[in-house]
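Colleague: Can you read through this structure? Questions will come right after.
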Amino acid sequence: MYDHIPGPERTSFWTGNLNYITSADKEGKHLGDLLLDLAKKYGHTFKLILISKPLVVSVNQEAVKELLVTGGHKKSDDIYKRASKVFGNRCLGNGLVTETNIEKWSLKRNLMNPAFKREYLIELMSQFNECVDKLIVQLHKFADDKSPVCMMTQFSRTTLDVLSKVAFDKEVNSLENDDHQFPTAIRRILDGMSLKKLSPYVQNSPTYWFYRRNVRKSVELIRETGKTWIKERIQAINNDETVHNDILTHTVKMMGENTDLDFEEIIDDFCTFFIAGQDTISTATTFAVMFLGQNPDKMKKLVDDIDTVVGSKAKIEYNDIGKMKYLDMVWKETLRLYPPSISTVRVTEKDFVIDGINIPCGTDINLSTYISSRLPEFNDRPLEFLPERFEPDSPIKPSIYTYYPFTLGPRICLGQQFAKIEGKLILAKLFQNFEVRLEPGQPLHVVLESTLKLKDGLKCLLVPRLKDKKNDK
Ligand code: HEM
């Protein structure tokens, strides 16, 4: 059924091409880069065999449009089950990202949409500002141009504190607590969910016993936290206390309005927001700083943009974010080169033809913005960090069916606007307050732990910017 689809030979009768994925890191390349190599070798549509099941990978733009936007194809059960349970422990369960039943998903999505409306996010600007200001205070402690500070760690804590505050009305204060368990737990869970951990060896071997135990314990920590916070909120609502109309309240209300949902499913959604909402933004902002550090001319343009629009203003408003045009281009270009989530998977609802190849009904198809954004046939100078490609009248602006870091269609990221506001606010405040340099000579090795990351973080040297250099607003 699949022999006619091009792709590498199976390397094992039992596991097919799984070793491509599991050995990716050993070869110094992550899965995204391996798939990119395969796309260059086998064409825009090719297959891999994972254990005994084929996975077709396609960057064909018609296929992207049909599978994500127009065709009503559902998410793949096999692939999303991986994030649903990790080493036997329920993790994202049937949360919004992993729910594959279209009717159930649609019901939840409609109930959650209001929590991400623009007007509501605008109301949150003061809280966003306050949380990011704590990052700036923290960074001043290192700002002597000599003490390297890991921006990935600082961003990861900041995004956790912001999310906990604005989505769940909880002060986690991980920025002030080096030993906070949540950031490590989230990183462990994401690594445990990644495809490279699918190998039977990782799943069963005693060598990985401690690894599996640590991942399971991390899942327990986040789910228990969710359980406690949800119960507290339910109690507050039942006692007629004033509660924020935040993501947690909307999640709790889902249970009231949808009698099919049980408590465990509400925890699934808590975990989904907690993990999806924290890691992605910190990853994106870290890569942005890396690119800007490597491209001082682009950094200067960004600093000029920030100075012109906000100067030394303490509270950055929602409208200011929209006015910083170069910041928007930097954000988009970072997500083109390093989209935190490299692909999404749909299962075909009918037979259809992609690139002249017949794809049978029921096939899992991986659609990857990471691969298409790096192919020269779709992008001018694809590997160059060139924010200007997103200028309004740019002739080299990527097409929407090759560039979709938040995916497309009905299952587009629910937190897209939230992420844009927070990510841009972090970058604007960082460059408003500091001169930033990368520590020279550090390895910038990218790994895929469900999301793309810098394996060893990103060390920067900071110097406070002189106030008189800025335009007072
Ligand atoms: C730069 C930041 C972010 C990026 C690049 C991003 C990207 C994505 C992508 C690619 C998906 C689709 C996943 C798939 O199809 O497998 C997704 C879904 C989702 N994201 Fe995000 N995300 C970001 C931030 C956030 C934030 C901050 C939140 C919440 C606070 C969030 C919540 C969600 C949810 C709930 C879904 C599932 C949507 C659905 O299926 O209805 N994301 N995101």
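Each chain in the structure tokens gets a letter, A, B, ..., in the order shown, and its residues are numbered from 1; ligands are numbered from 1 in order too.
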Got a sec to check which residues lie within 6 Å of ligand 1, using only C-alpha atoms and all ligand atoms, and send them as JSON, numbers by chain?

Modeller: {"A": [96, 97, 109, 273, 276, 277, 280, 281, 284, 339, 340, 341, 344, 405, 406, 407, 411, 412, 413, 414, 415, 416, 418, 419]}

Colleague: Using only C-alpha atoms, which residues sit within 7 Å of region 4-21 of chain A once same-chain residues fewer than 2 positions away are excluded, as a list in words?

Modeller: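 Within the cut-off, the hits are Tyr2, Ser23, Ala24, Leu31, Tyr42, Phe46, Lys47, Leu48, Ile49, Leu50, Ile51, Ser52, Leu195, Lys196 and Ile357 of chain A.
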
Colleague: Those same residues - N, CA and C atoms - I'd like them written as a PDB file, in the first residue's frame.

Modeller:
ATOM      1  N   TYR A   2       2.035   1.157   0.589  1.00  0.00           N
ATOM      2  CA  TYR A   2       2.864   2.364   0.732  1.00  0.00           C
ATOM      3  C   TYR A   2       4.194   2.264  -0.018  1.00  0.00           C
ATOM      4  N   SER A  23      18.130   8.138  16.968  1.00  0.00           N
ATOM      5  CA  SER A  23      19.567   8.411  16.954  1.00  0.00           C
ATOM      6  C   SER A  23      19.872   9.847  16.538  1.00  0.00           C
ATOM      7  N   ALA A  24      18.802  10.631  16.342  1.00  0.00           N
ATOM      8  CA  ALA A  24      19.010  11.993  15.831  1.00  0.00           C
ATOM      9  C   ALA A  24      20.031  12.771  16.660  1.00  0.00           C
ATOM     10  N   LEU A  31      15.523  15.890  14.913  1.00  0.00           N
ATOM     11  CA  LEU A  31      14.614  15.291  13.935  1.00  0.00           C
ATOM     12  C   LEU A  31      14.240  16.254  12.801  1.00  0.00           C
ATOM     13  N   TYR A  42      14.399  12.993  -1.075  1.00  0.00           N
ATOM     14  CA  TYR A  42      13.281  12.209  -1.643  1.00  0.00           C
ATOM     15  C   TYR A  42      12.153  13.066  -2.209  1.00  0.00           C
ATOM     16  N   PHE A  46       7.319  12.275   1.201  1.00  0.00           N
ATOM     17  CA  PHE A  46       8.043  11.009   1.372  1.00  0.00           C
ATOM     18  C   PHE A  46       7.532  10.302   2.633  1.00  0.00           C
ATOM     19  N   LYS A  47       7.957   9.058   2.788  1.00  0.00           N
ATOM     20  CA  LYS A  47       7.452   8.316   3.964  1.00  0.00           C
ATOM     21  C   LYS A  47       8.576   7.775   4.844  1.00  0.00           C
ATOM     22  N   LEU A  48       8.214   7.583   6.096  1.00  0.00           N
ATOM     23  CA  LEU A  48       9.067   6.876   7.059  1.00  0.00           C
ATOM     24  C   LEU A  48       8.201   5.777   7.664  1.00  0.00           C
ATOM     25  N   ILE A  49       8.820   4.682   8.069  1.00  0.00           N
ATOM     26  CA  ILE A  49       8.048   3.659   8.785  1.00  0.00           C
ATOM     27  C   ILE A  49       8.445   3.734  10.256  1.00  0.00           C
ATOM     28  N   LEU A  50       7.464   3.994  11.111  1.00  0.00           N
ATOM     29  CA  LEU A  50       7.751   4.068  12.550  1.00  0.00           C
ATOM     30  C   LEU A  50       7.129   2.851  13.217  1.00  0.00           C
ATOM     31  N   ILE A  51       7.956   2.013  13.799  1.00  0.00           N
ATOM     32  CA  ILE A  51       7.548   0.677  14.277  1.00  0.00           C
ATOM     33  C   ILE A  51       6.947  -0.025  13.048  1.00  0.00           C
ATOM     34  N   SER A  52       5.618  -0.182  12.947  1.00  0.00           N
ATOM     35  CA  SER A  52       5.116  -0.839  11.739  1.00  0.00           C
ATOM     36  C   SER A  52       4.213   0.088  10.938  1.00  0.00           C
ATOM     37  N   LEU A 195       9.077  12.177  20.199  1.00  0.00           N
ATOM     38  CA  LEU A 195       9.065  10.942  19.407  1.00  0.00           C
ATOM     39  C   LEU A 195      10.312  10.102  19.623  1.00  0.00           C
ATOM     40  N   LYS A 196      11.434  10.783  19.921  1.00  0.00           N
ATOM     41  CA  LYS A 196      12.675  10.008  20.067  1.00  0.00           C
ATOM     42  C   LYS A 196      12.610   9.084  21.284  1.00  0.00           C
ATOM     43  N   ILE A 357       1.448  11.458  -6.022  1.00  0.00           N
ATOM     44  CA  ILE A 357       1.557  10.187  -5.287  1.00  0.00           C
ATOM     45  C   ILE A 357       0.208   9.897  -4.614  1.00  0.00           C
TER      46      ILE A 357
END

Colleague: For CA of Phe263 (chain A) and CA of Ile222 (chain A), determine how far apart the two atoms are, in Å to one decimal place.

Modeller: 14.8 Å

Colleague: Figure out the distance between CA of Met125 (chain A) and CA of Gly226 (chain A), please, to one decimal in Å.

Modeller: 24.6 Å

Colleague: From the list A:Ile400, A:Ala288, A:Val219, A:Leu124, which residue is nearest Met151 (chain A) when using only C-alpha atoms?

Modeller: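 For Met151 (chain A), the nearest of the candidates is A:Ala288.
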
Colleague: What is the distance between CA of Met255 (chain A) and CA of Arg90 (chain A), in Å to one decimal?

Modeller: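 Computing it gives 18.7 Å between the two atoms.
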
Colleague: Might you pull out every residue within 12 Å of Tyr211 (chain A), with only C-alpha atoms counted and same-chain residues fewer than 2 positions away left off, and present them as a VMD selection string?

Modeller: chain A and resid 86 to 87 188 to 189 191 to 192 197 202 to 209 213 to 218

Colleague: With N, CA, C and O atoms kept, could you save the residues just selected as a PDB file, in the first residue's frame?

Modeller:
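Output file result-v1.pdb is given in full below:
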ATOM      1  N   VAL A  86       2.284   9.659  29.248  1.00  0.00           N
ATOM      2  CA  VAL A  86       3.734   9.554  29.142  1.00  0.00           C
ATOM      3  C   VAL A  86       4.214   8.450  30.083  1.00  0.00           C
ATOM      4  O   VAL A  86       3.960   8.514  31.289  1.00  0.00           O
ATOM      5  N   PHE A  87       4.858   7.444  29.516  1.00  0.00           N
ATOM      6  CA  PHE A  87       5.300   6.261  30.273  1.00  0.00           C
ATOM      7  C   PHE A  87       4.182   5.752  31.187  1.00  0.00           C
ATOM      8  O   PHE A  87       4.386   5.467  32.362  1.00  0.00           O
ATOM      9  N   ARG A 188      11.242  18.106  31.594  1.00  0.00           N
ATOM     10  CA  ARG A 188      11.296  16.629  31.610  1.00  0.00           C
ATOM     11  C   ARG A 188      10.091  16.028  30.900  1.00  0.00           C
ATOM     12  O   ARG A 188      10.215  15.059  30.146  1.00  0.00           O
ATOM     13  N   ILE A 189       8.920  16.589  31.149  1.00  0.00           N
ATOM     14  CA  ILE A 189       7.701  16.042  30.523  1.00  0.00           C
ATOM     15  C   ILE A 189       7.803  16.182  29.002  1.00  0.00           C
ATOM     16  O   ILE A 189       7.529  15.237  28.258  1.00  0.00           O
ATOM     17  N   ASP A 191      10.398  16.359  27.137  1.00  0.00           N
ATOM     18  CA  ASP A 191      11.376  15.418  26.590  1.00  0.00           C
ATOM     19  C   ASP A 191      10.778  14.007  26.557  1.00  0.00           C
ATOM     20  O   ASP A 191      10.914  13.292  25.566  1.00  0.00           O
ATOM     21  N   GLY A 192      10.085  13.641  27.626  1.00  0.00           N
ATOM     22  CA  GLY A 192       9.473  12.311  27.700  1.00  0.00           C
ATOM     23  C   GLY A 192       8.418  12.089  26.627  1.00  0.00           C
ATOM     24  O   GLY A 192       8.185  10.965  26.194  1.00  0.00           O
ATOM     25  N   LYS A 197      11.676   9.363  22.201  1.00  0.00           N
ATOM     26  CA  LYS A 197      11.534   8.502  23.375  1.00  0.00           C
ATOM     27  C   LYS A 197      10.529   7.364  23.125  1.00  0.00           C
ATOM     28  O   LYS A 197      10.105   6.674  24.018  1.00  0.00           O
ATOM     29  N   VAL A 202      13.847   2.743  25.235  1.00  0.00           N
ATOM     30  CA  VAL A 202      13.589   3.784  26.248  1.00  0.00           C
ATOM     31  C   VAL A 202      12.344   3.418  27.055  1.00  0.00           C
ATOM     32  O   VAL A 202      12.283   3.623  28.268  1.00  0.00           O
ATOM     33  N   GLN A 203      11.370   2.838  26.393  1.00  0.00           N
ATOM     34  CA  GLN A 203      10.113   2.512  27.063  1.00  0.00           C
ATOM     35  C   GLN A 203      10.274   1.401  28.108  1.00  0.00           C
ATOM     36  O   GLN A 203       9.583   1.395  29.109  1.00  0.00           O
ATOM     37  N   ASN A 204      11.203   0.457  27.849  1.00  0.00           N
ATOM     38  CA  ASN A 204      11.254  -0.735  28.711  1.00  0.00           C
ATOM     39  C   ASN A 204      12.582  -1.008  29.414  1.00  0.00           C
ATOM     40  O   ASN A 204      12.602  -1.687  30.432  1.00  0.00           O
ATOM     41  N   SER A 205      13.694  -0.509  28.869  1.00  0.00           N
ATOM     42  CA  SER A 205      14.987  -0.939  29.395  1.00  0.00           C
ATOM     43  C   SER A 205      15.245  -0.435  30.823  1.00  0.00           C
ATOM     44  O   SER A 205      14.913   0.712  31.161  1.00  0.00           O
ATOM     45  N   PRO A 206      15.870  -1.291  31.683  1.00  0.00           N
ATOM     46  CA  PRO A 206      16.216  -0.842  33.046  1.00  0.00           C
ATOM     47  C   PRO A 206      17.145   0.373  33.029  1.00  0.00           C
ATOM     48  O   PRO A 206      17.138   1.178  33.954  1.00  0.00           O
ATOM     49  N   THR A 207      17.934   0.521  31.944  1.00  0.00           N
ATOM     50  CA  THR A 207      18.850   1.674  31.858  1.00  0.00           C
ATOM     51  C   THR A 207      18.073   2.992  31.983  1.00  0.00           C
ATOM     52  O   THR A 207      18.585   3.990  32.477  1.00  0.00           O
ATOM     53  N   TYR A 208      16.837   2.978  31.473  1.00  0.00           N
ATOM     54  CA  TYR A 208      16.035   4.208  31.480  1.00  0.00           C
ATOM     55  C   TYR A 208      15.067   4.274  32.657  1.00  0.00           C
ATOM     56  O   TYR A 208      14.161   5.086  32.669  1.00  0.00           O
ATOM     57  N   TRP A 209      15.255   3.391  33.646  1.00  0.00           N
ATOM     58  CA  TRP A 209      14.293   3.332  34.747  1.00  0.00           C
ATOM     59  C   TRP A 209      14.196   4.685  35.480  1.00  0.00           C
ATOM     60  O   TRP A 209      13.123   5.209  35.711  1.00  0.00           O
ATOM     61  N   ARG A 213      11.103   7.236  35.672  1.00  0.00           N
ATOM     62  CA  ARG A 213      10.546   7.597  36.975  1.00  0.00           C
ATOM     63  C   ARG A 213      10.505   9.125  37.150  1.00  0.00           C
ATOM     64  O   ARG A 213       9.533   9.689  37.624  1.00  0.00           O
ATOM     65  N   ASN A 214      11.571   9.803  36.720  1.00  0.00           N
ATOM     66  CA  ASN A 214      11.603  11.261  36.858  1.00  0.00           C
ATOM     67  C   ASN A 214      10.519  11.927  36.017  1.00  0.00           C
ATOM     68  O   ASN A 214       9.904  12.904  36.441  1.00  0.00           O
ATOM     69  N   VAL A 215      10.317  11.392  34.805  1.00  0.00           N
ATOM     70  CA  VAL A 215       9.269  11.973  33.954  1.00  0.00           C
ATOM     71  C   VAL A 215       7.904  11.757  34.616  1.00  0.00           C
ATOM     72  O   VAL A 215       7.088  12.689  34.713  1.00  0.00           O
ATOM     73  N   ARG A 216       7.671  10.522  35.103  1.00  0.00           N
ATOM     74  CA  ARG A 216       6.367  10.239  35.737  1.00  0.00           C
ATOM     75  C   ARG A 216       6.137  11.142  36.953  1.00  0.00           C
ATOM     76  O   ARG A 216       5.064  11.664  37.160  1.00  0.00           O
ATOM     77  N   LYS A 217       7.194  11.331  37.745  1.00  0.00           N
ATOM     78  CA  LYS A 217       7.063  12.181  38.942  1.00  0.00           C
ATOM     79  C   LYS A 217       6.743  13.630  38.539  1.00  0.00           C
ATOM     80  O   LYS A 217       5.986  14.318  39.205  1.00  0.00           O
ATOM     81  N   SER A 218       7.342  14.060  37.431  1.00  0.00           N
ATOM     82  CA  SER A 218       7.081  15.427  36.950  1.00  0.00           C
ATOM     83  C   SER A 218       5.623  15.562  36.532  1.00  0.00           C
ATOM     84  O   SER A 218       4.970  16.572  36.824  1.00  0.00           O
TER      85      SER A 218
END
